[in-house]
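Data first, discussion second: the structure below is written as structure tokens.
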Amino acid sequence: MPQRRILVTGASGALGDATVRSLRERGHRVRGFDCSAARAGSPESEDHVVGDLQDVDALYAAAEGAEVIVHFGAVPDRDDFVQRLVPVNIVGTYNLFEVARMRAIPRVVYASSCRVLGALDWTTETLTLEAGFAPGDHYGLTKATGELLGQLYSHRFAITVLCARIGWFVRNRNEAEKMGTSEVGQRMYLSHRDAARFFELAVDVPLPAFSAVFVTSANAGRPIGDPAPAERVLGYRGRDVWPEGSSWDDDRWFASPRGSSSLLPDRGEP
Ligand SMILES: NC(=O)c1ccc[n+]([C@@H]2O[C@H](COP(=O)([O-])OP(=O)(O)OC[C@H]3O[C@@H](n4cnc5c(N)ncnc54)[C@H](O)[C@@H]3O)[C@@H](O)[C@H]2O)c1
């Protein structure tokens with residue numbers, strides 16, 4: 001497997017931290033970028049840039065030499081649309097794609113979300129690409145906008161863009177407890193082990209110019225999202241079923257104590 005130089009944004013967060021670790025374990029040269037410091041003393045702090053996604057110069061400098069960007073940096077849930085979601089998730093993602101264009105970085109992996117389809121009834125429907133976009137809240141809208149930015153930059157500037165519509169990667173013990181009692185949550189479950197496998201493939205395998213895929217573990221019952229695109233595009237198929245594949249007794253995984261309490265779409269809110 002070729003060793004790649006990879007920039008991971010959101011590297012101090014739950015998915016970013018876990019992905020930096022697993023990509024480094026595979027021998028890739030990984031630089032983290034986050035507005036927060038890497039966890040003190042962790043291997044991630046070896047090459048970690050503290051910077052803001054809204055600061056194009058900082059992003060541009062951090063992206064020097066990168067062959068792939070994995071873009072996790074975001075406000076990862078409902079928040080103030082104008083003050084928080086637009087500046088980070090939309091303007092920050094625009095900055096990211098602009099830097100990829102300016103640096104001629106050939107591949108961007110964008111952390112999207114099943115919540116681009118949050119308005120659908122997840123208890124009765126399996127989410128498909130054919131459903132297009134149907135966000136159920138402003139967060140889902142920003143994730144859909146990020147996918148559209150990816151489509152634009154792929155089409156106009158020949159950047160290969162993969163949009164990973166992630167299910168539920170548990171960020172902390174509170175979320176693990178919530179998932180334990182949620183049937184829909186368990187159908188969205190993405191284990192740490194499957195996430196590592198997915199992002200290892202995402203930085204490595206040949207990809208079409210633009211693609212979007214649903215990313216969860218195998219899970220029991222009807223899948224939350226159609227697993228076929230991930231299998232077709234990357235050869236990825238989830239293996240774990242909740243609670244397999246995550247080390248609940250291992251504090252390393254819980255990099256993000258602030259985690260969300262409302263990952264599932266909560267109909268009734270605007
Ligand atoms: N965890 C999940 O279940 C899940 C599901 C679907 C999609 N996602 C997406 O995956 C990505 C990572 O989510 P997570 O669960 O690891 O969240 P997280 O909150 O643990 O990590 C997000 C990281 O982004 C950083 N960040 C926020 N604003 C920034 C800014 N302006 N500049 C630089 N860094 C900034 C934060 O400091 C944090 O470390 C997000 O894009 C999220 O939308 C996560």
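The way I read the labels, and the way they are meant: chains A, B, ... in the order of the structure tokens, residue 1 as the first residue of every chain, and ligand 1 as the first ligand shown, with later ones counted on from there.
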
Which chain A residues have any atom within 6 Å of an atom of ligand 1, and for each, what is the nearest pair of atoms with distance in Å to one decimal, counting only C-alpha atoms and all ligand atoms, rows sorted by chain and number, as CSV?
residue,atom,partner,partner_atom_place_in_ligand_line,distance
A:Gly10,CA,ligand 1,24 (O),3.7
A:Ala11,CA,ligand 1,39 (O),5.8
A:Ser12,CA,ligand 1,39 (O),4.0
A:Gly13,CA,ligand 1,39 (O),3.3
A:Ala14,CA,ligand 1,16 (O),3.7
A:Leu15,CA,ligand 1,16 (O),3.8
A:Gly16,CA,ligand 1,16 (O),5.5
A:Asp34,CA,ligand 1,34 (N),3.8
A:Cys35,CA,ligand 1,33 (C),4.0
A:Ser36,CA,ligand 1,37 (O),4.9
A:Gly51,CA,ligand 1,33 (C),5.8
A:Asp52,CA,ligand 1,32 (N),3.5
A:Leu53,CA,ligand 1,32 (N),3.9
A:Gln54,CA,ligand 1,31 (N),5.9
A:Phe72,CA,ligand 1,11 (C),3.9
A:Gly73,CA,ligand 1,24 (O),3.5
A:Ala74,CA,ligand 1,27 (C),4.4
A:Val75,CA,ligand 1,27 (C),5.2
A:Pro76,CA,ligand 1,43 (O),3.9
A:Val88,CA,ligand 1,31 (N),4.9
A:Ala111,CA,ligand 1,10 (O),4.8
A:Ser112,CA,ligand 1,7 (C),5.2
A:Ser113,CA,ligand 1,6 (C),4.0
A:Ile166,CA,ligand 1,6 (C),4.3
A:Gly167,CA,ligand 1,5 (C),5.1
A:Trp168,CA,ligand 1,3 (O),3.4
A:Phe169,CA,ligand 1,3 (O),3.7
A:Val170,CA,ligand 1,3 (O),5.7
A:Arg171,CA,ligand 1,15 (O),5.9
A:Ser256,CA,ligand 1,20 (O),4.7

Could you make a table, as CSV, of the residues of segment 66-96 of chain A that have an atom within 8 Å of an atom of segment 101-110 of chain A, each with its nearest atom pair and distance in Å to one decimal, counting only C-alpha atoms, in chain and number order?
residue,atom,partner,partner_atom,distance
A:Ala66,CA,A:Ile105,CA,6.6
A:Glu67,CA,A:Ile105,CA,5.4
A:Val68,CA,A:Arg107,CA,4.9
A:Ile69,CA,A:Val108,CA,4.8
A:Val70,CA,A:Val109,CA,4.7
A:His71,CA,A:Tyr110,CA,5.0
A:Phe72,CA,A:Tyr110,CA,6.8

Output for the residues just chosen: N, CA and C atoms as a PDB file, in the first residue's frame:
ATOM      1  N   ALA A  66       0.270  17.970   0.989  1.00  0.00           N
ATOM      2  CA  ALA A  66      -0.748  16.930   1.205  1.00  0.00           C
ATOM      3  C   ALA A  66      -1.213  16.340  -0.125  1.00  0.00           C
ATOM      4  N   GLU A  67      -1.431  15.026  -0.121  1.00  0.00           N
ATOM      5  CA  GLU A  67      -1.987  14.342  -1.302  1.00  0.00           C
ATOM      6  C   GLU A  67      -3.478  14.066  -1.112  1.00  0.00           C
ATOM      7  N   VAL A  68      -3.905  14.042   0.131  1.00  0.00           N
ATOM      8  CA  VAL A  68      -5.311  13.792   0.467  1.00  0.00           C
ATOM      9  C   VAL A  68      -5.667  14.683   1.648  1.00  0.00           C
ATOM     10  N   ILE A  69      -6.881  15.226   1.624  1.00  0.00           N
ATOM     11  CA  ILE A  69      -7.416  15.883   2.831  1.00  0.00           C
ATOM     12  C   ILE A  69      -8.630  15.081   3.287  1.00  0.00           C
ATOM     13  N   VAL A  70      -8.651  14.755   4.564  1.00  0.00           N
ATOM     14  CA  VAL A  70      -9.852  14.169   5.168  1.00  0.00           C
ATOM     15  C   VAL A  70     -10.451  15.263   6.049  1.00  0.00           C
ATOM     16  N   HIS A  71     -11.641  15.685   5.694  1.00  0.00           N
ATOM     17  CA  HIS A  71     -12.209  16.895   6.301  1.00  0.00           C
ATOM     18  C   HIS A  71     -13.306  16.549   7.322  1.00  0.00           C
ATOM     19  N   PHE A  72     -12.890  16.506   8.594  1.00  0.00           N
ATOM     20  CA  PHE A  72     -13.833  16.258   9.694  1.00  0.00           C
ATOM     21  C   PHE A  72     -14.210  17.546  10.418  1.00  0.00           C
TER      22      PHE A  72
END

Inset, instruction - Run DSSP on the backbone and give me the residues of segment 9-216 of chain A it puts in strand (DSSP E or B), as a ChimeraX atom specification. - result: /A:9,29-34,48-50,68-71,107-113,127,160-166,168,189,210-215

Legend entry - Selection near Glu125 of chain A, 10 Å with only C-alpha atoms, sequence-local residues under 5 positions removed, as a PyMOL selection string: chain A and resi 120+222-225

Inset, instruction - Write out as JSON, numbers by chain which residues come within 9 Å of segment 28-30 of chain A when counting only C-alpha atoms, dropping same-chain ones fewer than 6 positions away. - result: {"A": [2, 3, 4, 5, 6, 7, 8, 20, 21, 44, 47, 48, 66]}

Inset, instruction - Fewer than 2 positions away in the same chain doesn't count, so skip those; otherwise give me all residues within 6 Å of segment 190-206 of chain A, counting only C-alpha atoms, as a ChimeraX atom specification. - result: /A:22,168-169,216-217,238,245-246

Inset, instruction - Could you tell me, as number ranges by chain, which residues of segment 154-243 of chain A DSSP assigns to alpha helix (DSSP H) when given the backbone? - result: A: 154-157, 173-180, 183-188, 192-202, 228-234

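Of the listed residues (A:Pro208, A:Gly140, A:Gly150, A:Gly185), A:Gly150 comes nearest to Phe97 of chain A; the distances count only C-alpha atoms.
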